[in-house]
file target.cif (mmCIF, C-alpha atoms and all ligand atoms)
data_run
loop_
_atom_site.label_atom_id
_atom_site.label_comp_id
_atom_site.auth_asym_id
_atom_site.auth_seq_id
_atom_site.Cartn_x
_atom_site.Cartn_y
_atom_site.Cartn_z
CA MET A 185 79.40 0.64 16.43
CA LYS A 186 81.23 1.47 19.62
CA ILE A 187 81.48 5.18 18.86
CA PHE A 188 77.69 5.41 18.69
CA SER A 189 77.11 3.25 21.71
CA HIS A 190 76.20 6.19 23.96
CA LEU A 191 73.37 7.14 21.62
CA PHE A 192 71.70 3.78 22.08
CA SER A 193 72.54 3.27 25.70
CA SER A 194 69.46 2.44 27.71
CA LYS A 195 70.35 4.78 30.55
CA LYS A 196 67.38 4.53 32.86
CA ASN A 197 66.28 6.40 35.94
CA LEU A 198 68.78 9.21 35.71
CA THR A 199 68.46 11.51 38.68
CA ILE A 200 68.91 15.26 38.87
CA GLU A 201 71.84 14.68 41.26
CA GLU A 202 73.59 12.38 38.76
CA ILE A 203 73.12 14.86 35.93
CA LYS A 204 74.39 17.73 38.07
CA LYS A 205 77.78 15.99 38.46
CA ASN A 206 78.64 16.82 34.83
CA SER A 207 78.57 19.95 32.70
CA ILE A 208 75.15 21.56 32.54
CA PRO A 209 74.18 23.35 29.32
CA LYS A 210 73.50 27.04 29.82
CA HIS A 211 70.88 27.25 27.09
CA VAL A 212 68.53 24.55 25.79
CA ALA A 213 66.37 25.18 22.71
CA ILE A 214 63.37 22.97 22.00
CA ILE A 215 61.28 22.30 18.90
CA MET A 216 58.08 20.96 20.46
CA ASP A 217 56.81 18.91 17.54
CA GLY A 218 54.18 16.19 17.20
CA ASN A 219 51.14 17.62 18.99
CA GLY A 220 48.89 17.15 15.96
CA ARG A 221 49.96 13.53 15.42
CA TRP A 222 49.55 12.78 19.14
CA ALA A 223 45.93 13.95 18.89
CA SER A 224 45.18 12.23 15.54
CA LYS A 225 46.43 8.90 16.91
CA ARG A 226 43.73 9.19 19.59
CA GLY A 227 41.00 10.40 17.24
CA LEU A 228 41.06 13.81 18.93
CA PRO A 229 41.11 17.28 17.34
CA ARG A 230 44.62 18.67 16.77
CA LEU A 231 44.05 21.31 19.42
CA ALA A 232 43.79 18.60 22.08
CA GLY A 233 47.42 17.76 21.24
CA HIS A 234 48.48 21.39 21.67
CA ARG A 235 46.68 21.54 25.02
CA GLU A 236 48.46 18.37 26.16
CA GLY A 237 51.74 19.97 25.04
CA VAL A 238 51.64 22.58 27.79
CA LYS A 239 52.39 19.99 30.50
CA PRO A 240 55.81 18.81 29.20
CA LEU A 241 56.85 22.43 28.71
CA LYS A 242 55.98 23.21 32.33
CA ASN A 243 57.95 20.15 33.43
CA VAL A 244 60.98 21.14 31.35
CA VAL A 245 60.98 24.64 32.87
CA ARG A 246 60.82 23.15 36.36
CA LEU A 247 63.66 20.71 35.60
CA CYS A 248 65.82 23.47 34.12
CA ASN A 249 65.30 25.44 37.31
CA ASP A 250 66.38 22.41 39.38
CA LEU A 251 69.40 21.67 37.18
CA GLY A 252 70.62 25.26 36.93
CA ILE A 253 69.95 25.60 33.17
CA LYS A 254 69.60 29.36 32.78
CA TYR A 255 67.99 29.75 29.35
CA ILE A 256 65.28 27.84 27.49
CA THR A 257 64.00 28.80 24.05
CA ALA A 258 60.74 27.04 23.17
CA TYR A 259 59.52 27.12 19.56
CA SER A 260 55.84 27.75 20.25
CA PHE A 261 54.50 29.22 17.01
CA SER A 262 56.47 29.83 13.82
CA ASN A 263 55.96 32.49 11.16
CA GLU A 264 54.89 29.64 8.88
CA ASN A 265 52.26 28.46 11.41
CA TRP A 266 50.13 31.52 10.51
CA GLU A 267 49.30 29.61 7.30
CA ARG A 268 47.53 26.80 9.20
CA PRO A 269 43.72 26.55 8.98
CA GLU A 270 41.94 29.47 10.63
CA ASN A 271 40.38 27.35 13.38
CA GLU A 272 43.74 25.87 14.42
CA VAL A 273 45.39 29.32 14.52
CA SER A 274 42.57 30.85 16.57
CA GLY A 275 42.49 27.81 18.88
CA LEU A 276 46.22 28.13 19.44
CA MET A 277 45.91 31.87 20.15
CA GLN A 278 43.24 31.11 22.75
CA LEU A 279 45.46 28.41 24.26
CA PHE A 280 48.43 30.79 24.59
CA PHE A 281 46.14 33.49 26.03
CA GLU A 282 44.76 31.11 28.67
CA THR A 283 48.05 29.36 29.43
CA VAL A 284 50.00 32.54 30.13
CA ALA A 285 47.29 33.67 32.56
CA ALA A 286 47.09 30.27 34.25
CA GLU A 287 50.87 29.86 34.68
CA ILE A 288 52.19 33.36 35.33
CA GLU A 289 51.90 33.26 39.12
CA ASP A 290 53.72 29.96 39.42
CA LEU A 291 56.41 30.96 36.91
CA ASN A 292 56.97 34.25 38.73
CA LYS A 293 57.16 32.52 42.11
CA ASN A 294 59.84 30.23 40.70
CA GLY A 295 61.96 33.09 39.40
CA VAL A 296 61.27 32.45 35.71
CA ARG A 297 61.59 35.41 33.37
CA ILE A 298 59.36 35.32 30.26
CA VAL A 299 60.71 36.86 27.06
CA LEU A 300 58.76 36.86 23.80
CA ILE A 301 60.90 36.49 20.68
CA GLY A 302 59.30 36.93 17.28
CA ASN A 303 57.41 39.34 15.04
CA ARG A 304 55.09 41.18 17.43
CA ASN A 305 53.28 43.01 14.61
CA LEU A 306 51.45 39.86 13.53
CA ILE A 307 50.24 38.79 16.99
CA PRO A 308 46.59 39.60 17.88
CA GLN A 309 46.52 42.56 20.30
CA LYS A 310 44.84 40.64 23.11
CA VAL A 311 47.43 37.83 23.05
CA LEU A 312 50.35 40.22 22.66
CA LYS A 313 49.20 42.24 25.67
CA ARG A 314 49.06 39.10 27.79
CA PHE A 315 52.60 38.14 26.78
CA GLU A 316 53.87 41.67 27.35
CA ASP A 317 52.22 41.81 30.79
CA ALA A 318 53.98 38.52 31.61
CA GLU A 319 57.28 40.00 30.42
CA ASN A 320 56.79 43.02 32.68
CA ILE A 321 55.76 41.04 35.73
CA THR A 322 58.76 38.70 35.44
CA LYS A 323 61.38 41.12 34.13
CA ASN A 324 63.54 41.06 37.29
CA ASN A 325 63.52 37.28 37.71
CA GLU A 326 66.90 35.61 37.47
CA ASN A 327 66.57 31.84 37.89
CA VAL A 328 65.61 30.87 34.33
CA VAL A 329 64.89 32.89 31.19
CA LEU A 330 62.10 31.29 29.15
CA ASN A 331 62.23 32.65 25.60
CA ILE A 332 58.91 31.94 23.97
CA ALA A 333 59.55 31.90 20.21
CA PHE A 334 56.21 33.03 18.92
CA SER A 335 55.44 34.32 15.44
CA TYR A 336 59.13 33.54 15.04
CA GLY A 337 61.21 32.79 11.96
CA SER A 338 64.98 32.80 11.91
CA ARG A 339 65.45 34.02 8.35
CA GLN A 340 63.15 36.95 9.05
CA GLU A 341 65.07 37.65 12.28
CA ILE A 342 68.34 37.72 10.29
CA ILE A 343 66.87 40.02 7.63
CA GLU A 344 65.67 42.43 10.34
CA ALA A 345 69.17 42.35 11.86
CA VAL A 346 70.71 43.21 8.48
CA LYS A 347 68.31 46.16 8.17
CA LYS A 348 69.31 47.39 11.66
CA ALA A 349 72.98 47.09 10.70
CA CYS A 350 72.35 49.18 7.55
CA ILE A 351 70.67 51.86 9.66
CA ASP A 352 73.60 51.84 12.11
CA ILE A 353 76.03 52.26 9.20
CA LYS A 354 73.94 55.05 7.70
CA ASN A 355 73.83 56.85 11.05
CA ASN A 356 77.58 56.39 11.53
CA LYS A 357 77.01 54.25 14.62
CA ILE A 358 79.25 51.52 13.24
CA ASP A 359 81.86 51.24 10.55
CA ILE A 360 81.52 48.33 8.09
CA LYS A 361 84.96 47.02 9.05
CA ASP A 362 83.84 46.75 12.69
CA ILE A 363 80.90 44.43 11.96
CA ASP A 364 81.69 41.14 13.65
CA GLU A 365 79.85 38.17 15.16
CA ASP A 366 79.28 39.85 18.52
CA TYR A 367 77.81 42.95 16.90
CA PHE A 368 75.56 40.88 14.63
CA SER A 369 74.38 38.71 17.56
CA SER A 370 73.47 41.92 19.40
CA LEU A 371 70.91 42.70 16.68
CA LEU A 372 69.00 39.42 17.12
CA PHE A 373 66.05 38.74 19.45
CA THR A 374 68.35 36.50 21.50
CA ARG A 375 70.80 39.36 22.17
CA ASN A 376 70.71 38.79 25.92
CA CYS A 377 71.40 35.04 25.87
CA PRO A 378 74.38 32.86 25.11
CA ASP A 379 73.92 30.65 22.03
CA PRO A 380 72.06 27.37 22.70
CA ASP A 381 74.28 24.46 23.75
CA LEU A 382 71.64 21.83 23.07
CA LEU A 383 68.69 21.72 20.67
CA ILE A 384 66.02 19.07 21.21
CA ARG A 385 63.47 18.20 18.53
CA THR A 386 60.70 15.73 19.21
CA SER A 387 58.49 13.67 16.87
CA GLY A 388 61.14 12.01 14.71
CA GLU A 389 61.67 14.87 12.25
CA PHE A 390 65.29 15.68 11.42
CA ARG A 391 64.88 19.34 10.49
CA ILE A 392 65.60 22.75 11.97
CA SER A 393 62.54 24.46 10.43
CA ASN A 394 63.76 28.07 10.43
CA PHE A 395 64.65 28.04 14.14
CA LEU A 396 67.68 29.95 15.52
CA LEU A 397 69.77 29.39 12.37
CA TRP A 398 72.52 31.82 13.36
CA GLN A 399 72.52 30.87 17.04
CA ILE A 400 72.90 27.08 16.62
CA ALA A 401 76.18 27.19 14.67
CA TYR A 402 77.94 25.03 17.31
CA CYS A 403 74.93 23.60 19.10
CA GLU A 404 74.58 19.90 19.89
CA LEU A 405 71.46 18.37 18.35
CA TYR A 406 69.21 15.76 19.98
CA PHE A 407 66.38 14.15 18.03
CA THR A 408 63.80 11.80 19.49
CA LYS A 409 60.81 9.97 18.01
CA THR A 410 58.70 10.81 21.06
CA LEU A 411 55.78 13.11 20.24
CA TRP A 412 55.94 16.33 22.28
CA PRO A 413 52.93 15.63 24.56
CA ASP A 414 54.63 12.33 25.61
CA PHE A 415 58.01 13.96 26.29
CA SER A 416 58.72 12.96 29.88
CA ASN A 417 61.01 14.27 32.60
CA ALA A 418 63.05 11.08 32.24
CA GLU A 419 63.56 11.76 28.54
CA PHE A 420 64.63 15.35 29.19
CA LEU A 421 67.23 14.09 31.69
CA LYS A 422 68.35 11.52 29.11
CA ALA A 423 68.80 14.31 26.53
CA ILE A 424 70.97 16.25 28.97
CA TRP A 425 72.93 13.08 29.80
CA ASP A 426 73.42 12.46 26.08
CA TYR A 427 74.70 16.04 25.69
CA GLN A 428 77.16 15.41 28.52
CA GLN A 429 78.70 12.49 26.58
CA ARG A 430 79.50 14.70 23.56
CA ASN A 431 82.95 16.07 22.88
CA ARG A 432 82.44 19.70 21.91
CA ARG A 433 85.38 21.07 19.96
CA PHE A 434 83.92 24.18 18.31
CA GLY A 435 85.90 23.40 15.16
CA LYS A 436 89.18 23.05 17.07
CA ILE A 437 90.98 19.82 17.98
C1 LIG B 1 53.96 21.70 16.77
O1 LIG B 1 53.23 20.49 16.64
C2 LIG B 1 53.49 22.49 17.93
C3 LIG B 1 52.94 23.74 17.91
C4 LIG B 1 52.75 24.48 16.64
C5 LIG B 1 52.45 24.42 19.14
C6 LIG B 1 53.30 24.18 20.38
C7 LIG B 1 52.65 24.84 21.54
C8 LIG B 1 52.60 24.35 22.80
C9 LIG B 1 53.22 23.07 23.18
C10 LIG B 1 51.94 25.15 23.87
C11 LIG B 1 52.98 25.98 24.60
C12 LIG B 1 52.36 27.06 25.41
C13 LIG B 1 52.94 28.27 25.68
C14 LIG B 1 52.21 29.28 26.49
C15 LIG B 1 54.27 28.66 25.18
P1 LIG B 1 52.48 20.18 15.27
O2 LIG B 1 51.14 20.82 15.31
O3 LIG B 1 53.33 20.62 14.14
O4 LIG B 1 52.37 18.62 15.31
P2 LIG B 1 52.32 17.65 14.03
O5 LIG B 1 53.66 17.80 13.35
O6 LIG B 1 52.13 16.30 14.64
O7 LIG B 1 51.18 18.08 13.17
#
call {"tool": "encode", "arguments": {"input": "target.cif", "output": "structure tokens"}}
result
Amino acid sequence: MKIFSHLFSSKKNLTIEEIKKNSIPKHVAIIMDGNGRWASKRGLPRLAGHREGVKPLKNVVRLCNDLGIKYITAYSFSNENWERPENEVSGLMQLFFETVAAEIEDLNKNGVRIVLIGNRNLIPQKVLKRFEDAENITKNNENVVLNIAFSYGSRQEIIEAVKKACIDIKNNKIDIKDIDEDYFSSLLFTRNCPDPDLLIRTSGEFRISNFLLWQIAYCELYFTKTLWPDFSNAEFLKAIWDYQQRNRRFGKI
């Protein structure tokens, strides 16, 4: 039981200063799950859960800025989410449209760079334009990169990368024998980021759900039962603390 003791430790009231004494992950990826259940438990429409989910994301971005975490990738809308009922999809599109407008000034002031990762062809023009405007406004910011995974699926991302590699081979830009991990990573949406060090998934599900499959090869995983709208600053600090207790060996000894 001792080896797992850190996982169950009731570390309370961690402060940013305490966390900063140990290694800080460069890149944190988050699967923000449980919005629908949060709303259902309160007899509210699912969209109320998504609306409530904006607040913890804002808090996480602020905390990352304070801690010196340089990259966040937030799973905001998957390729599979297009299959949800029409009213939920359109409600979510409206929420993204409004949220980007409401938050852009503050994000920009805090040096946050917005990057959209996902299949842009499927995104309604009006929403895409808002995201792309946000990308342009924030493109020179250097404090934190916030990758918004939107209309995103990792298998599709890998297939697109394979197609790009085939084109490069055909155009004699690369020789097959020179294809390596660095080259392949350079074909992915996340080409400008290091791989995630820590992946957090809320809501008690133990799945990866087609998120960053290539990039998380050596990532530390943190699962919590907390539903995303209830994910607090204290719990984010606890997740980072938990990460700091891990012994990362990358397959070596
Ligand atoms: C998954 O919960 C959550 C989503 C599909 C949407 C997440 C979006 C936000 C938190 C808003 C972020 C805003 C911006 C601008 C990036 P679920 O619906 O699968 O929950 P359930 O599993 O309980 O049904």
call {"tool": "residues_near_ligand", "arguments": {"input": "target.cif", "ligand": "ligand LIG 1 (chain B)", "cutoff": "6 Å", "atoms": "all atoms listed in the file", "output": "list in words"}}
result
Met216, Asp217, Gly218, Asn219, Gly220, Arg221, His234, Gly237, Val238, Ser260, Phe261, Phe280, Thr283, Val284 and Ile332 of chain A
call {"tool": "residues_around", "arguments": {"input": "target.cif", "residues": "A:Pro229", "least_positions_apart": "4", "cutoff": "12 Å", "atoms": "all atoms listed in the file", "output": "number ranges by chain"}}
result
A: 219-225, 233-236, 271-272, 275
call {"tool": "axis_aligned_box", "arguments": {"input": "target.cif", "around": "stretch 403-420 of chain A", "padding_each_side": "5 Å", "output": "lines of an AutoDock Vina configuration file"}}
result
center_x = 63.9
center_y = 16.8
center_z = 25.3
size_x = 32.0
size_y = 23.6
size_z = 24.6
call {"tool": "residues_around", "arguments": {"input": "target.cif", "residues": "A:Val296", "least_positions_apart": "5", "cutoff": "7 Å", "atoms": "all atoms listed in the file", "output": "JSON, numbers by chain"}}
result
{"A": [291, 322, 325, 326, 327, 328, 329, 330]}
call {"tool": "closest_residue", "arguments": {"input": "target.cif", "among": "A:Ser416, A:Asn376, A:Thr257, A:Thr410", "to": "A:Pro240", "atoms": "all atoms listed in the file"}}
result
A:Ser416
call {"tool": "atom_distance", "arguments": {"input": "target.cif", "atom1": "atom CA of A:Gln340", "atom2": "atom CA of A:Tyr427"}}
result
29.1 Å
call {"tool": "atom_distance", "arguments": {"input": "target.cif", "atom1": "atom CA of A:Tyr367", "atom2": "atom CA of A:Asp352"}}
result
10.9 Å
call {"tool": "decode", "arguments": {"input": "target.cif", "residues": "stretch 219-251 of chain A", "atoms": "N, CA and C atoms", "output": "PDB file, in the first residue's frame"}}
result
ATOM      1  N   ASN A 219     -19.443  17.779 -17.905  1.00  0.00           N
ATOM      2  CA  ASN A 219     -20.338  18.951 -17.910  1.00  0.00           C
ATOM      3  C   ASN A 219     -21.806  18.533 -17.949  1.00  0.00           C
ATOM      4  N   GLY A 220     -22.100  17.539 -18.810  1.00  0.00           N
ATOM      5  CA  GLY A 220     -23.489  17.092 -18.961  1.00  0.00           C
ATOM      6  C   GLY A 220     -24.027  16.521 -17.656  1.00  0.00           C
ATOM      7  N   ARG A 221     -23.211  15.663 -17.005  1.00  0.00           N
ATOM      8  CA  ARG A 221     -23.650  15.047 -15.741  1.00  0.00           C
ATOM      9  C   ARG A 221     -23.801  16.095 -14.641  1.00  0.00           C
ATOM     10  N   TRP A 222     -22.931  17.079 -14.636  1.00  0.00           N
ATOM     11  CA  TRP A 222     -23.018  18.164 -13.643  1.00  0.00           C
ATOM     12  C   TRP A 222     -24.382  18.847 -13.772  1.00  0.00           C
ATOM     13  N   ALA A 223     -24.792  19.096 -15.011  1.00  0.00           N
ATOM     14  CA  ALA A 223     -26.075  19.771 -15.247  1.00  0.00           C
ATOM     15  C   ALA A 223     -27.247  18.850 -14.893  1.00  0.00           C
ATOM     16  N   SER A 224     -27.186  17.589 -15.358  1.00  0.00           N
ATOM     17  CA  SER A 224     -28.295  16.647 -15.097  1.00  0.00           C
ATOM     18  C   SER A 224     -28.542  16.494 -13.606  1.00  0.00           C
ATOM     19  N   LYS A 225     -27.453  16.425 -12.831  1.00  0.00           N
ATOM     20  CA  LYS A 225     -27.600  16.261 -11.373  1.00  0.00           C
ATOM     21  C   LYS A 225     -28.390  17.407 -10.756  1.00  0.00           C
ATOM     22  N   ARG A 226     -28.391  18.547 -11.425  1.00  0.00           N
ATOM     23  CA  ARG A 226     -29.100  19.729 -10.914  1.00  0.00           C
ATOM     24  C   ARG A 226     -30.416  19.974 -11.641  1.00  0.00           C
ATOM     25  N   GLY A 227     -30.784  19.036 -12.510  1.00  0.00           N
ATOM     26  CA  GLY A 227     -32.023  19.193 -13.279  1.00  0.00           C
ATOM     27  C   GLY A 227     -31.936  20.319 -14.304  1.00  0.00           C
ATOM     28  N   LEU A 228     -30.716  20.613 -14.735  1.00  0.00           N
ATOM     29  CA  LEU A 228     -30.517  21.709 -15.708  1.00  0.00           C
ATOM     30  C   LEU A 228     -30.249  21.136 -17.096  1.00  0.00           C
ATOM     31  N   PRO A 229     -30.454  21.919 -18.154  1.00  0.00           N
ATOM     32  CA  PRO A 229     -30.078  21.437 -19.488  1.00  0.00           C
ATOM     33  C   PRO A 229     -28.562  21.259 -19.586  1.00  0.00           C
ATOM     34  N   ARG A 230     -28.139  20.312 -20.438  1.00  0.00           N
ATOM     35  CA  ARG A 230     -26.704  19.989 -20.539  1.00  0.00           C
ATOM     36  C   ARG A 230     -25.851  21.223 -20.818  1.00  0.00           C
ATOM     37  N   LEU A 231     -26.430  22.143 -21.589  1.00  0.00           N
ATOM     38  CA  LEU A 231     -25.662  23.336 -21.965  1.00  0.00           C
ATOM     39  C   LEU A 231     -25.268  24.180 -20.753  1.00  0.00           C
ATOM     40  N   ALA A 232     -26.085  24.114 -19.700  1.00  0.00           N
ATOM     41  CA  ALA A 232     -25.747  24.857 -18.476  1.00  0.00           C
ATOM     42  C   ALA A 232     -24.433  24.316 -17.900  1.00  0.00           C
ATOM     43  N   GLY A 233     -24.207  23.014 -18.056  1.00  0.00           N
ATOM     44  CA  GLY A 233     -22.952  22.414 -17.600  1.00  0.00           C
ATOM     45  C   GLY A 233     -21.774  22.915 -18.428  1.00  0.00           C
ATOM     46  N   HIS A 234     -21.968  23.010 -19.738  1.00  0.00           N
ATOM     47  CA  HIS A 234     -20.888  23.514 -20.599  1.00  0.00           C
ATOM     48  C   HIS A 234     -20.567  24.968 -20.238  1.00  0.00           C
ATOM     49  N   ARG A 235     -21.618  25.753 -20.006  1.00  0.00           N
ATOM     50  CA  ARG A 235     -21.389  27.167 -19.627  1.00  0.00           C
ATOM     51  C   ARG A 235     -20.580  27.252 -18.341  1.00  0.00           C
ATOM     52  N   GLU A 236     -20.935  26.420 -17.377  1.00  0.00           N
ATOM     53  CA  GLU A 236     -20.244  26.415 -16.082  1.00  0.00           C
ATOM     54  C   GLU A 236     -18.794  25.945 -16.253  1.00  0.00           C
ATOM     55  N   GLY A 237     -18.552  25.193 -17.332  1.00  0.00           N
ATOM     56  CA  GLY A 237     -17.206  24.649 -17.569  1.00  0.00           C
ATOM     57  C   GLY A 237     -16.194  25.681 -18.044  1.00  0.00           C
ATOM     58  N   VAL A 238     -16.659  26.857 -18.398  1.00  0.00           N
ATOM     59  CA  VAL A 238     -15.719  27.891 -18.868  1.00  0.00           C
ATOM     60  C   VAL A 238     -14.863  28.393 -17.693  1.00  0.00           C
ATOM     61  N   LYS A 239     -15.515  28.507 -16.516  1.00  0.00           N
ATOM     62  CA  LYS A 239     -14.834  29.090 -15.342  1.00  0.00           C
ATOM     63  C   LYS A 239     -13.585  28.290 -14.921  1.00  0.00           C
ATOM     64  N   PRO A 240     -13.700  26.952 -14.735  1.00  0.00           N
ATOM     65  CA  PRO A 240     -12.470  26.226 -14.373  1.00  0.00           C
ATOM     66  C   PRO A 240     -11.372  26.320 -15.426  1.00  0.00           C
ATOM     67  N   LEU A 241     -11.761  26.413 -16.699  1.00  0.00           N
ATOM     68  CA  LEU A 241     -10.722  26.545 -17.730  1.00  0.00           C
ATOM     69  C   LEU A 241      -9.989  27.879 -17.578  1.00  0.00           C
ATOM     70  N   LYS A 242     -10.763  28.941 -17.331  1.00  0.00           N
ATOM     71  CA  LYS A 242     -10.129  30.251 -17.110  1.00  0.00           C
ATOM     72  C   LYS A 242      -9.180  30.193 -15.911  1.00  0.00           C
ATOM     73  N   ASN A 243      -9.630  29.534 -14.851  1.00  0.00           N
ATOM     74  CA  ASN A 243      -8.790  29.429 -13.642  1.00  0.00           C
ATOM     75  C   ASN A 243      -7.512  28.646 -13.919  1.00  0.00           C
ATOM     76  N   VAL A 244      -7.644  27.566 -14.699  1.00  0.00           N
ATOM     77  CA  VAL A 244      -6.461  26.746 -15.007  1.00  0.00           C
ATOM     78  C   VAL A 244      -5.452  27.576 -15.818  1.00  0.00           C
ATOM     79  N   VAL A 245      -5.958  28.349 -16.772  1.00  0.00           N
ATOM     80  CA  VAL A 245      -5.043  29.170 -17.588  1.00  0.00           C
ATOM     81  C   VAL A 245      -4.309  30.169 -16.690  1.00  0.00           C
ATOM     82  N   ARG A 246      -5.050  30.779 -15.773  1.00  0.00           N
ATOM     83  CA  ARG A 246      -4.441  31.754 -14.858  1.00  0.00           C
ATOM     84  C   ARG A 246      -3.369  31.077 -13.986  1.00  0.00           C
ATOM     85  N   LEU A 247      -3.718  29.895 -13.456  1.00  0.00           N
ATOM     86  CA  LEU A 247      -2.757  29.182 -12.597  1.00  0.00           C
ATOM     87  C   LEU A 247      -1.509  28.768 -13.378  1.00  0.00           C
ATOM     88  N   CYS A 248      -1.709  28.320 -14.608  1.00  0.00           N
ATOM     89  CA  CYS A 248      -0.545  27.929 -15.427  1.00  0.00           C
ATOM     90  C   CYS A 248       0.363  29.133 -15.624  1.00  0.00           C
ATOM     91  N   ASN A 249      -0.243  30.278 -15.867  1.00  0.00           N
ATOM     92  CA  ASN A 249       0.540  31.504 -16.016  1.00  0.00           C
ATOM     93  C   ASN A 249       1.350  31.770 -14.741  1.00  0.00           C
ATOM     94  N   ASP A 250       0.709  31.632 -13.597  1.00  0.00           N
ATOM     95  CA  ASP A 250       1.390  31.883 -12.316  1.00  0.00           C
ATOM     96  C   ASP A 250       2.494  30.864 -12.036  1.00  0.00           C
ATOM     97  N   LEU A 251       2.259  29.618 -12.451  1.00  0.00           N
ATOM     98  CA  LEU A 251       3.222  28.551 -12.142  1.00  0.00           C
ATOM     99  C   LEU A 251       4.357  28.457 -13.151  1.00  0.00           C
TER     100      LEU A 251
END
